[in-house]
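**Q** Take a look at the following structure, please.
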Amino acid sequence: MAGIKLSAVKKIYPGAAEPAVKGVDLDIQDGEFVVLVGPSGCGKSTLLRMIAGLETVSDGEIAIGDKVVNQMEPAERDIAMVFQNYALYPHMSVRQNMSYGLKNRKMPKGEIARRIDEAAAVLEITPYLDRKPRALSGGQRQRVAMGRAIVRDPAAFLFDEPLSNLDAKLRLHMRGEIKQLHQRLKTTSVYVTHDQLEAMTLADRLVVLNHGRIEQVGRPLDLYRRPASTFVAGFLGAPAMNLIDAEVTGGALMLAGAALARGLQAEAGRVTAGIRPEALRLRAAPGGNFRLDYVEELGGSRIVHGHIGAQRIIAQTDLAQELSAEMQAELPLEELHLFHATEGHRLSMGLNQPATADPQLVGA
Amino acid sequence: MQTKRTTFRSWWLPYLLVAPQLAITLVFFIWPAGQAVYQSFLREDPFGLSTTWVGLRNYIRLFDSAEYLASFETTVIFTVCTASLSMGLSLLLAVAVDRMIRTASVYTTLVVWPYAVAPAIAGILWWFMFNPSFGILTYVLEMVGYDWNHRLNGEDAMTLVVLASAWKQISYNFLFFVAGLQSIPMSLREAAAIDGAGPVKRFFTVVFPLLSPTTFFLLVVNINYTMFDTFSTIDASTAGGPGQATTILVYKVYEDGVKGLNLGSSAAQSVILMSIVIALTFIQFRFIERRVQY
Ligand SMILES: Nc1ncnc2c1ncn2[C@@H]1O[C@H](COP(=O)(O)OP(=O)(O)OP(=O)(O)O)[C@@H](O)[C@H]1O
Ligand SMILES: [Mg+2]
């Protein structure tokens with residue numbers, strides 16, 4: 001087991017106009033489960049493949065444990081990888097698939113058998129050990145791919161969207177299994193996904209990437225509560241955070257000519273206001289600022305689509321919420337996020353109160 | 001494997017569509033084959049004046065003939081050498097191209113050229129290069145101290161026809177190997193690299209086994225090619241000589257039939273040849289194909 005340290009890591013693909021990874025610094029602790037998340041094409045896979053040694057590092061340094069691995073072959077890095085398409089050897093049985101990496105490392109036969117039996121028992125694939133991958137379901141293949149990684153007992157696991165080929169239900173199940181497996185093995189893991197829910201639930205630490213750069217690193221809840229930019233704010237959480245154009249004047253957040261919140265110690269000027277759908281409180285009130293457009297029923301809660309002035313806003317409410325065409329929207333001040341109108345970074349509002357403070361409801 | 005089913009609206013359309021192919025097969029394959037079988041039971045004098053029914057005697061005589069049995073041996077040597085040389089070389093080229101597939105369009109085109117060359121021209125091309133009096137390769141060989149003469153030396157002649165035939169087939173094999181290699185997902189090789197297999201081990205334990213359907217298909221095609229299609233290459237370069245050194249079965253059919261005008265024996269030889277190919281193909285598909293499935 002070992003930590004992984006990335007220092008100013010860059011990747012420029014030959015012939016590409018723009019670097020795919022533009023200088024990433026990241027210190028992954030021993031035993032930590034780090035999730036790289038971001039939209040398609042942001043460089044997640046590239047970063048992971050550089051750690052694995054499947055892509056060369058254009059600039060910067062990658063260290064696994066205390067060894068710089070830039071020049072090492074993938075096999076020498078003591079990592080195991082789970083691929084999106086599982087990459088099981090189709091001509092080998094499950095057992096052979098799992099033993100291949102161990103045989104190549106000249107491990108004694110008895111030890112190989114012991115490890116395979118143990119991993120197969122944990123992953124519940126013992127009945128399939130002598131089958132070829134083609135005779136397995138998607139979920140079983142996924143387990144075999146995990147098994148192949150586990151038996152190696154490597155310094156780190158690398159996962160590249162391992163669950164994205166599974167259906168929603170199985171994905172949820174395997175997500176839980178991966179989490180349990182990590183709690184049990186405590187092996188350093190780097191996990192790539194573009195599914196923010198998967199990212200939030202699995203990560204000890206979340207790394208949000210955008211255009212080859214790290215937008216923010218931190219514990220999932222910290223990122224959720226204090227996103228450093230409009231990008232992170234909009235990326236984490238479903239339904240996504242409302243990001244609306246607003247103005248700060250005289251300590252009040254003005255939206256469509258009315259104050260949505262007061263008592264801000266933010267500089268006057270145009271801002272982007274971030275409001276989580278579940279933070280917005282709605283109250284049926286004729287002449288209120290919120291105009292209802294339509295409602296989506298989720299079963300346990302509902303999503304209310306509407307607008308304030310010209311800005312579309314969504315709110316998530318419980319089923320007890322009374323709905324009417326005109327409602328008053330209110331926002332606890334500490335649930336408000338302010339971002340720079342053009343640059344998108346988080347602005348200080350001069351709020352120092354902890355999240356547990358009494359909600360300070362502000363009406364228009 | 002999934003098969004696509006097309007439904008035709010009228011029952012006669014499918015028959016109409018396969019009719020031209022059926023007609024060609026019937027006229028150019030089934031009918032002559034039947035003629036050959038019939039003729040193999042006859043003895044006919046060179047002028048076609050008298051024909052006698054001799055039963056199996058043409059066949060019996062063939063298997064008593066040392067010359068015919070020698071031709072069998074020549075064919076085996078020739079087929080094994082040509083098929084392994086052309087498949088080996090094209091696999092090597094395909095692996096090289098697969099590594100830098102970006103530049104492959106130019107490279108691929110170059111390697112495919114020989115396939116556009118008619119077999120007889122290929123034979124003459126190599127015959128020229130190895131011509132004992134003015135061939136460029138003979139000249140080079142002489143410089144390194146080898147006295148090349150395929151007109152006198154049977155082994156030289158065999159080398160010449162093997163080279164010419166294999167060269168002709170490389171492009172075809174190459175295309176299939178490249179396609180086969182390209183269809184192996186990159187992630188499998190990457191997984192093997194992470195699993196600690198070096199490039200050579202990776203090739204033999206992962207890439208080559210996954211390529212086996214392609215290899216098997218090419219094996220069938222190549223064996224059929226060397227047994228039949230090499231006729232014009234041999235005719236243009238060595239004409240079966242010196243002596244009988246490069247007289248493979250199909251060439252002997254021609255020699256005995258067209259040159260020697262021994263039609264009965266020649267027909268019997270064609271029938272034997274035909275049965276060999278049918279048997280080989282059957283064995284290959286029946287027994288080997290099952291094992292190359294993964
Ligand atoms: N082999 C390559 N050659 C050139 N450019 C590449 C190569 N691989 C990836 N890229 C580019 O690098 C950028 C990052 O790609 P990468 O595969 O890392 O994205 P990703 O974050 O994993 O996306 P996804 O979620 O779709 O898998 C993309 O713009 C992509 O086009
Ligand atoms: Mg990716």
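We label chains A, B, ... in the order they appear in the structure tokens, count residues from 1 in each chain, and number ligands from 1 in the order shown.
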Would you mind listing, as an MDAnalysis selection string, all residues of chain A that have at least one atom within 7 Å of chain B, where only C-alpha atoms are what counts?

**A** chainID A and resid 54 74:75 80 87:91 100:101 104:105

**Q** Go ahead and save the picked residues with N, CA, C and O atoms, as a compact mmCIF listing (two decimals), in the first residue's frame.

**A**
# COMPACT_ATOMS: atom_id res chain seq x y z
N LEU A 54 -0.04 3.90 -18.70
CA LEU A 54 -0.51 3.58 -20.05
C LEU A 54 -0.36 4.78 -20.98
O LEU A 54 -0.47 4.65 -22.19
N PRO A 74 4.02 -0.06 -16.79
CA PRO A 74 2.83 -0.27 -15.97
C PRO A 74 3.00 -1.43 -14.98
O PRO A 74 2.56 -1.34 -13.83
N ALA A 75 3.68 -2.49 -15.43
CA ALA A 75 3.80 -3.68 -14.60
C ALA A 75 4.65 -3.41 -13.36
O ALA A 75 4.47 -4.05 -12.33
N ALA A 80 -3.22 -1.98 -9.90
CA ALA A 80 -4.15 -2.81 -10.67
C ALA A 80 -5.25 -1.91 -11.18
O ALA A 80 -5.61 -0.93 -10.51
N ALA A 87 -12.13 -5.44 -19.91
CA ALA A 87 -10.89 -5.95 -20.50
C ALA A 87 -10.54 -7.34 -19.97
O ALA A 87 -9.38 -7.62 -19.67
N LEU A 88 -11.52 -8.22 -19.85
CA LEU A 88 -11.23 -9.60 -19.48
C LEU A 88 -10.70 -10.32 -20.72
O LEU A 88 -11.16 -10.06 -21.83
N TYR A 89 -9.75 -11.24 -20.52
CA TYR A 89 -9.21 -11.98 -21.65
C TYR A 89 -10.26 -13.00 -22.10
O TYR A 89 -10.57 -13.93 -21.36
N PRO A 90 -10.82 -12.83 -23.29
CA PRO A 90 -11.98 -13.65 -23.67
C PRO A 90 -11.64 -15.12 -23.86
O PRO A 90 -12.52 -15.96 -23.76
N HIS A 91 -10.36 -15.44 -24.12
CA HIS A 91 -10.01 -16.83 -24.38
C HIS A 91 -9.59 -17.56 -23.12
O HIS A 91 -9.20 -18.72 -23.17
N TYR A 100 -3.54 -14.78 -14.31
CA TYR A 100 -2.58 -14.34 -15.34
C TYR A 100 -1.52 -13.40 -14.77
O TYR A 100 -0.32 -13.61 -14.96
N GLY A 101 -1.98 -12.37 -14.07
CA GLY A 101 -1.04 -11.38 -13.52
C GLY A 101 -0.13 -11.95 -12.45
O GLY A 101 0.99 -11.50 -12.28
N ASN A 104 2.51 -14.29 -14.22
CA ASN A 104 3.54 -13.47 -14.85
C ASN A 104 4.55 -12.96 -13.82
O ASN A 104 5.68 -12.65 -14.15
N ARG A 105 4.10 -12.87 -12.58
CA ARG A 105 5.01 -12.41 -11.53
C ARG A 105 5.64 -13.58 -10.80
O ARG A 105 6.20 -13.41 -9.72

**Q** Please write out the residues within 7 Å of ligand 2 as a list in words, counting only C-alpha atoms and all ligand atoms.

**A**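 Those within range of ligand 2 are Ser40, Lys44, Ser45 and Asp160 of chain A.
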
**Q** Could you pull the residues within 12 Å of Arg61 of chain B, counting only C-alpha atoms, minus those fewer than 4 positions along the same chain, as a PyMOL selection string?

**A** chain B and resi 40-41+54-57+65-69+264-266+268-269

**Q** Generate a file of the selected residues that holds N, CA and C atoms, formatted as a PDB file, in the first residue's frame.

**A**
ATOM      1  N   SER B  40     -11.879 -39.748 -65.726  1.00  0.00           N
ATOM      2  CA  SER B  40     -10.842 -40.462 -64.996  1.00  0.00           C
ATOM      3  C   SER B  40     -11.030 -41.973 -65.079  1.00  0.00           C
ATOM      4  N   PHE B  41     -12.182 -42.402 -65.525  1.00  0.00           N
ATOM      5  CA  PHE B  41     -12.410 -43.850 -65.687  1.00  0.00           C
ATOM      6  C   PHE B  41     -12.163 -44.316 -67.113  1.00  0.00           C
ATOM      7  N   VAL B  54     -11.745 -48.022 -68.441  1.00  0.00           N
ATOM      8  CA  VAL B  54     -10.712 -48.776 -67.738  1.00  0.00           C
ATOM      9  C   VAL B  54     -10.988 -48.879 -66.251  1.00  0.00           C
ATOM     10  N   GLY B  55     -12.100 -48.365 -65.801  1.00  0.00           N
ATOM     11  CA  GLY B  55     -12.433 -48.457 -64.382  1.00  0.00           C
ATOM     12  C   GLY B  55     -11.454 -47.684 -63.538  1.00  0.00           C
ATOM     13  N   LEU B  56     -10.966 -48.329 -62.458  1.00  0.00           N
ATOM     14  CA  LEU B  56     -10.089 -47.622 -61.520  1.00  0.00           C
ATOM     15  C   LEU B  56      -8.620 -47.691 -61.919  1.00  0.00           C
ATOM     16  N   ARG B  57      -8.361 -48.207 -63.112  1.00  0.00           N
ATOM     17  CA  ARG B  57      -6.961 -48.486 -63.424  1.00  0.00           C
ATOM     18  C   ARG B  57      -6.096 -47.223 -63.487  1.00  0.00           C
ATOM     19  N   SER B  65       3.026 -45.090 -59.296  1.00  0.00           N
ATOM     20  CA  SER B  65       4.043 -44.299 -59.973  1.00  0.00           C
ATOM     21  C   SER B  65       4.869 -43.502 -58.971  1.00  0.00           C
ATOM     22  N   ALA B  66       6.179 -43.757 -58.961  1.00  0.00           N
ATOM     23  CA  ALA B  66       7.086 -43.051 -58.055  1.00  0.00           C
ATOM     24  C   ALA B  66       7.043 -41.557 -58.335  1.00  0.00           C
ATOM     25  N   GLU B  67       6.867 -41.232 -59.588  1.00  0.00           N
ATOM     26  CA  GLU B  67       6.860 -39.829 -59.987  1.00  0.00           C
ATOM     27  C   GLU B  67       5.699 -39.093 -59.333  1.00  0.00           C
ATOM     28  N   TYR B  68       4.532 -39.766 -59.338  1.00  0.00           N
ATOM     29  CA  TYR B  68       3.353 -39.134 -58.763  1.00  0.00           C
ATOM     30  C   TYR B  68       3.508 -38.970 -57.256  1.00  0.00           C
ATOM     31  N   LEU B  69       4.050 -40.006 -56.608  1.00  0.00           N
ATOM     32  CA  LEU B  69       4.230 -39.921 -55.160  1.00  0.00           C
ATOM     33  C   LEU B  69       5.240 -38.826 -54.807  1.00  0.00           C
ATOM     34  N   GLY B 264      -6.778 -39.427 -69.353  1.00  0.00           N
ATOM     35  CA  GLY B 264      -7.360 -40.240 -68.289  1.00  0.00           C
ATOM     36  C   GLY B 264      -6.618 -40.058 -66.984  1.00  0.00           C
ATOM     37  N   SER B 265      -5.309 -40.170 -67.041  1.00  0.00           N
ATOM     38  CA  SER B 265      -4.501 -40.033 -65.834  1.00  0.00           C
ATOM     39  C   SER B 265      -4.626 -38.635 -65.270  1.00  0.00           C
ATOM     40  N   SER B 266      -4.608 -37.650 -66.163  1.00  0.00           N
ATOM     41  CA  SER B 266      -4.718 -36.267 -65.727  1.00  0.00           C
ATOM     42  C   SER B 266      -6.046 -36.028 -65.010  1.00  0.00           C
ATOM     43  N   ALA B 268      -7.836 -38.293 -63.469  1.00  0.00           N
ATOM     44  CA  ALA B 268      -7.779 -38.984 -62.182  1.00  0.00           C
ATOM     45  C   ALA B 268      -7.025 -38.138 -61.162  1.00  0.00           C
ATOM     46  N   GLN B 269      -5.956 -37.507 -61.621  1.00  0.00           N
ATOM     47  CA  GLN B 269      -5.193 -36.644 -60.717  1.00  0.00           C
ATOM     48  C   GLN B 269      -6.035 -35.470 -60.233  1.00  0.00           C
TER      49      GLN B 269
END

**Q** Please identify every residue of chain A that has at least one atom no farther than 12 Å from an atom of ligand 1, counting only C-alpha atoms and all ligand atoms, and for each give the shortest atom pair and the distance in Å to one decimal, arranged by chain then increasing number, as CSV.

**A**
residue,atom,partner,partner_atom_place_in_ligand_line,distance
A:Lys10,CA,ligand 1,12 (O),11.4
A:Lys11,CA,ligand 1,12 (O),8.4
A:Ile12,CA,ligand 1,5 (N),8.0
A:Tyr13,CA,ligand 1,4 (C),4.8
A:Pro14,CA,ligand 1,4 (C),6.5
A:Gly15,CA,ligand 1,4 (C),7.2
A:Ala16,CA,ligand 1,4 (C),6.0
A:Ala17,CA,ligand 1,5 (N),9.2
A:Glu18,CA,ligand 1,29 (O),8.1
A:Pro19,CA,ligand 1,12 (O),7.4
A:Ala20,CA,ligand 1,12 (O),4.4
A:Val21,CA,ligand 1,14 (C),7.3
A:Lys22,CA,ligand 1,14 (C),10.6
A:Leu36,CA,ligand 1,21 (O),8.9
A:Val37,CA,ligand 1,21 (O),7.9
A:Gly38,CA,ligand 1,21 (O),6.5
A:Pro39,CA,ligand 1,25 (O),5.8
A:Ser40,CA,ligand 1,25 (O),3.5
A:Gly41,CA,ligand 1,19 (O),3.4
A:Cys42,CA,ligand 1,21 (O),4.0
A:Gly43,CA,ligand 1,18 (O),3.2
A:Lys44,CA,ligand 1,21 (O),3.8
A:Ser45,CA,ligand 1,22 (O),3.6
A:Thr46,CA,ligand 1,18 (O),3.6
A:Leu47,CA,ligand 1,18 (O),6.4
A:Leu48,CA,ligand 1,18 (O),8.0
A:Arg49,CA,ligand 1,18 (O),8.2
A:Met50,CA,ligand 1,18 (O),9.8
A:Leu54,CA,ligand 1,1 (N),10.4
A:Glu55,CA,ligand 1,1 (N),8.5
A:Thr56,CA,ligand 1,1 (N),10.7
A:Phe83,CA,ligand 1,27 (O),11.2
A:Gln84,CA,ligand 1,27 (O),9.3
A:Asn85,CA,ligand 1,27 (O),11.9
A:Phe159,CA,ligand 1,22 (O),11.4
A:Asp160,CA,ligand 1,22 (O),8.0
A:Glu161,CA,ligand 1,27 (O),7.8
A:Pro162,CA,ligand 1,27 (O),11.2
A:Ser164,CA,ligand 1,25 (O),10.2
A:Tyr191,CA,ligand 1,22 (O),11.2
A:Val192,CA,ligand 1,22 (O),7.7
A:Thr193,CA,ligand 1,25 (O),6.8
A:His194,CA,ligand 1,25 (O),5.6
A:Asp195,CA,ligand 1,25 (O),9.1
A:Gln196,CA,ligand 1,25 (O),11.6
A:Val208,CA,ligand 1,21 (O),10.6
A:Leu209,CA,ligand 1,21 (O),8.1
A:Asn210,CA,ligand 1,21 (O),8.5
A:His211,CA,ligand 1,14 (C),8.0
A:Gly212,CA,ligand 1,14 (C),7.2
A:Arg213,CA,ligand 1,21 (O),10.8
A:Ile214,CA,ligand 1,21 (O),11.9

**Q** Find the residues around Leu236 of chain A up to 10 Å (only C-alpha atoms counted), leave out those fewer than 2 positions away in its own chain, and share them as a PDB file with N, CA and C atoms, in the first residue's frame.

**A**
ATOM      1  N   VAL A  37     -13.824  13.371 -10.785  1.00  0.00           N
ATOM      2  CA  VAL A  37     -15.102  13.530 -11.444  1.00  0.00           C
ATOM      3  C   VAL A  37     -15.054  14.780 -12.310  1.00  0.00           C
ATOM      4  N   GLY A  38     -15.848  14.775 -13.352  1.00  0.00           N
ATOM      5  CA  GLY A  38     -15.870  15.922 -14.252  1.00  0.00           C
ATOM      6  C   GLY A  38     -16.605  15.545 -15.514  1.00  0.00           C
ATOM      7  N   ASP A 195     -20.332  10.381 -13.077  1.00  0.00           N
ATOM      8  CA  ASP A 195     -21.606  10.341 -12.372  1.00  0.00           C
ATOM      9  C   ASP A 195     -21.415  10.996 -11.007  1.00  0.00           C
ATOM     10  N   GLN A 196     -22.007  12.167 -10.808  1.00  0.00           N
ATOM     11  CA  GLN A 196     -21.728  12.915  -9.580  1.00  0.00           C
ATOM     12  C   GLN A 196     -22.244  12.205  -8.336  1.00  0.00           C
ATOM     13  N   LEU A 197     -23.302  11.420  -8.503  1.00  0.00           N
ATOM     14  CA  LEU A 197     -23.850  10.698  -7.356  1.00  0.00           C
ATOM     15  C   LEU A 197     -22.870   9.612  -6.909  1.00  0.00           C
ATOM     16  N   ALA A 199     -19.764   9.675  -7.422  1.00  0.00           N
ATOM     17  CA  ALA A 199     -18.617  10.390  -6.873  1.00  0.00           C
ATOM     18  C   ALA A 199     -18.880  10.783  -5.420  1.00  0.00           C
ATOM     19  N   MET A 200     -20.034  11.368  -5.182  1.00  0.00           N
ATOM     20  CA  MET A 200     -20.358  11.838  -3.832  1.00  0.00           C
ATOM     21  C   MET A 200     -20.374  10.684  -2.833  1.00  0.00           C
ATOM     22  N   VAL A 208     -12.717  17.529  -8.444  1.00  0.00           N
ATOM     23  CA  VAL A 208     -13.531  17.929  -9.594  1.00  0.00           C
ATOM     24  C   VAL A 208     -12.607  18.507 -10.651  1.00  0.00           C
ATOM     25  N   PRO A 220     -16.553  15.191   0.009  1.00  0.00           N
ATOM     26  CA  PRO A 220     -17.744  15.408  -0.828  1.00  0.00           C
ATOM     27  C   PRO A 220     -18.710  16.419  -0.232  1.00  0.00           C
ATOM     28  N   LEU A 221     -18.964  16.333   1.080  1.00  0.00           N
ATOM     29  CA  LEU A 221     -19.945  17.252   1.662  1.00  0.00           C
ATOM     30  C   LEU A 221     -19.438  18.687   1.689  1.00  0.00           C
ATOM     31  N   LEU A 223     -17.491  19.995  -0.530  1.00  0.00           N
ATOM     32  CA  LEU A 223     -17.642  20.508  -1.881  1.00  0.00           C
ATOM     33  C   LEU A 223     -19.095  20.854  -2.163  1.00  0.00           C
ATOM     34  N   TYR A 224     -19.966  20.045  -1.610  1.00  0.00           N
ATOM     35  CA  TYR A 224     -21.386  20.272  -1.833  1.00  0.00           C
ATOM     36  C   TYR A 224     -21.821  21.548  -1.112  1.00  0.00           C
ATOM     37  N   ARG A 225     -21.302  21.732   0.086  1.00  0.00           N
ATOM     38  CA  ARG A 225     -21.741  22.889   0.882  1.00  0.00           C
ATOM     39  C   ARG A 225     -21.041  24.166   0.486  1.00  0.00           C
ATOM     40  N   PRO A 227     -19.068  25.001  -2.676  1.00  0.00           N
ATOM     41  CA  PRO A 227     -18.417  24.859  -3.979  1.00  0.00           C
ATOM     42  C   PRO A 227     -17.568  26.088  -4.287  1.00  0.00           C
ATOM     43  N   PHE A 231     -18.793  26.195 -11.585  1.00  0.00           N
ATOM     44  CA  PHE A 231     -18.674  24.887 -12.229  1.00  0.00           C
ATOM     45  C   PHE A 231     -18.944  23.760 -11.246  1.00  0.00           C
ATOM     46  N   VAL A 232     -18.267  23.805 -10.104  1.00  0.00           N
ATOM     47  CA  VAL A 232     -18.466  22.767  -9.087  1.00  0.00           C
ATOM     48  C   VAL A 232     -19.894  22.822  -8.566  1.00  0.00           C
ATOM     49  N   ALA A 233     -20.376  24.054  -8.364  1.00  0.00           N
ATOM     50  CA  ALA A 233     -21.728  24.233  -7.844  1.00  0.00           C
ATOM     51  C   ALA A 233     -22.752  23.574  -8.760  1.00  0.00           C
ATOM     52  N   GLY A 234     -22.593  23.784 -10.067  1.00  0.00           N
ATOM     53  CA  GLY A 234     -23.554  23.235 -11.012  1.00  0.00           C
ATOM     54  C   GLY A 234     -23.355  21.752 -11.229  1.00  0.00           C
ATOM     55  N   ALA A 238     -28.138  16.821  -7.514  1.00  0.00           N
ATOM     56  CA  ALA A 238     -29.199  16.610  -8.489  1.00  0.00           C
ATOM     57  C   ALA A 238     -30.525  16.756  -7.772  1.00  0.00           C
ATOM     58  N   PRO A 239     -31.442  17.560  -8.226  1.00  0.00           N
ATOM     59  CA  PRO A 239     -31.276  18.452  -9.382  1.00  0.00           C
ATOM     60  C   PRO A 239     -30.208  19.512  -9.134  1.00  0.00           C
ATOM     61  N   ALA A 240     -29.652  20.042 -10.214  1.00  0.00           N
ATOM     62  CA  ALA A 240     -28.509  20.934 -10.098  1.00  0.00           C
ATOM     63  C   ALA A 240     -28.889  22.245  -9.416  1.00  0.00           C
ATOM     64  N   MET A 241     -27.855  22.845  -8.840  1.00  0.00           N
ATOM     65  CA  MET A 241     -28.056  24.134  -8.167  1.00  0.00           C
ATOM     66  C   MET A 241     -28.542  25.190  -9.169  1.00  0.00           C
TER      67      MET A 241
END

**Q** Which polymer residues have any atom within 9 Å of an atom of Gln244 of chain B, counting only C-alpha atoms, with same-chain residues fewer than 2 positions away left out, as a PyMOL selection string?

**A** chain B and resi 67+70-71+74+154+240-242+246-248

**Q** So that I can check the secondary structure, give me every residue of segment 177-339 of chain A assigned strand (DSSP E) by backbone DSSP, as a PyMOL selection string.

**A** chain A and resi 188-193+205-210+213-218+242-249+252-255+258-262+269-275+281-284+290-297+301-308+311-318+326-332+336-339

**Q** For Val271 of chain B, which residue among B:Ile234, B:Trp11, B:Val37, B:Ile121 is the nearest when counting only C-alpha atoms?

**A**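 The answer is B:Val37, which sits nearest to Val271 of chain B.
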
**Q** Atom CA of Pro127 of chain A and atom CA of Phe157 of chain A are how many Å apart?

**A** 24.9 Å

**Q** So the first atom is atom CA of Gly31 of chain A and the second is atom CA of Gly110 of chain A; what is the distance between them in Å, to one decimal place?

**A**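 The value is 27.8 Å.
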
**Q** What does the structure give for the distance between atom CA of Ile64 of chain A and atom CA of Pro108 of chain A, in Å to one decimal?

**A**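 Distance reported for this atom pair: 26.0 Å.
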
**Q** Would you please give, as an MDAnalysis selection string, all residues of segment 48-250 of chain B that DSSP assigns to helix (DSSP H, G or I) based on the backbone?

**A** chainID B and resid 57:64 66:99 101:116 119:129 136:143 154:182 186:194 199:210 212:229 231:237 249:250

**Q** Mind checking which residues fall within 9 Å of segment 141-150 of chain B, counting only C-alpha atoms, ignoring those fewer than 4 positions away in the same chain, and posting them as a list of chain:residue names?

**A**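 My list of contacting residues is B:Phe130, B:Asn131, B:Pro132, B:Ser133, B:Ile136, B:Leu137, B:Gly154, B:Glu155, B:Asp156, B:Ala157, B:Met158, B:Thr159, B:Leu160, B:Thr238, B:Gly241, B:Pro242.
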
**Q** Excluding same-chain residues fewer than 3 positions from Thr52 of chain B, what lies within 7 Å of it counting only C-alpha atoms, as a CSV table (one decimal) with all heavy atoms, in the first residue's frame?

**A**
chain,number,residue,atom,x,y,z
B,42,LEU,N,-11.7,-43.4,-68.0
B,42,LEU,CA,-11.5,-43.7,-69.4
B,42,LEU,C,-10.1,-43.7,-69.7
B,42,LEU,O,-9.2,-43.1,-69.1
B,42,LEU,CB,-12.3,-42.7,-70.3
B,42,LEU,CG,-13.8,-42.5,-70.0
B,42,LEU,CD1,-14.3,-41.4,-70.9
B,42,LEU,CD2,-14.5,-43.8,-70.2
B,43,ARG,N,-9.7,-44.4,-70.8
B,43,ARG,CA,-8.4,-44.2,-71.4
B,43,ARG,C,-8.7,-43.8,-72.9
B,43,ARG,O,-9.5,-44.4,-73.6
B,43,ARG,CB,-7.6,-45.4,-71.4
B,43,ARG,CG,-6.3,-45.2,-72.2
B,43,ARG,CD,-5.2,-46.2,-71.9
B,43,ARG,NE,-5.0,-46.2,-70.4
B,43,ARG,CZ,-4.5,-47.3,-69.8
B,43,ARG,NH1,-4.3,-48.4,-70.4
B,43,ARG,NH2,-4.3,-47.3,-68.5
B,44,GLU,N,-8.0,-42.7,-73.2
B,44,GLU,CA,-8.3,-42.1,-74.6
B,44,GLU,C,-6.9,-41.9,-75.2
B,44,GLU,O,-6.0,-41.6,-74.6
B,44,GLU,CB,-8.9,-40.7,-74.4
B,44,GLU,CG,-9.7,-40.2,-75.6
B,44,GLU,CD,-10.5,-39.0,-75.2
B,44,GLU,OE1,-10.6,-38.7,-74.0
B,44,GLU,OE2,-11.1,-38.4,-76.1
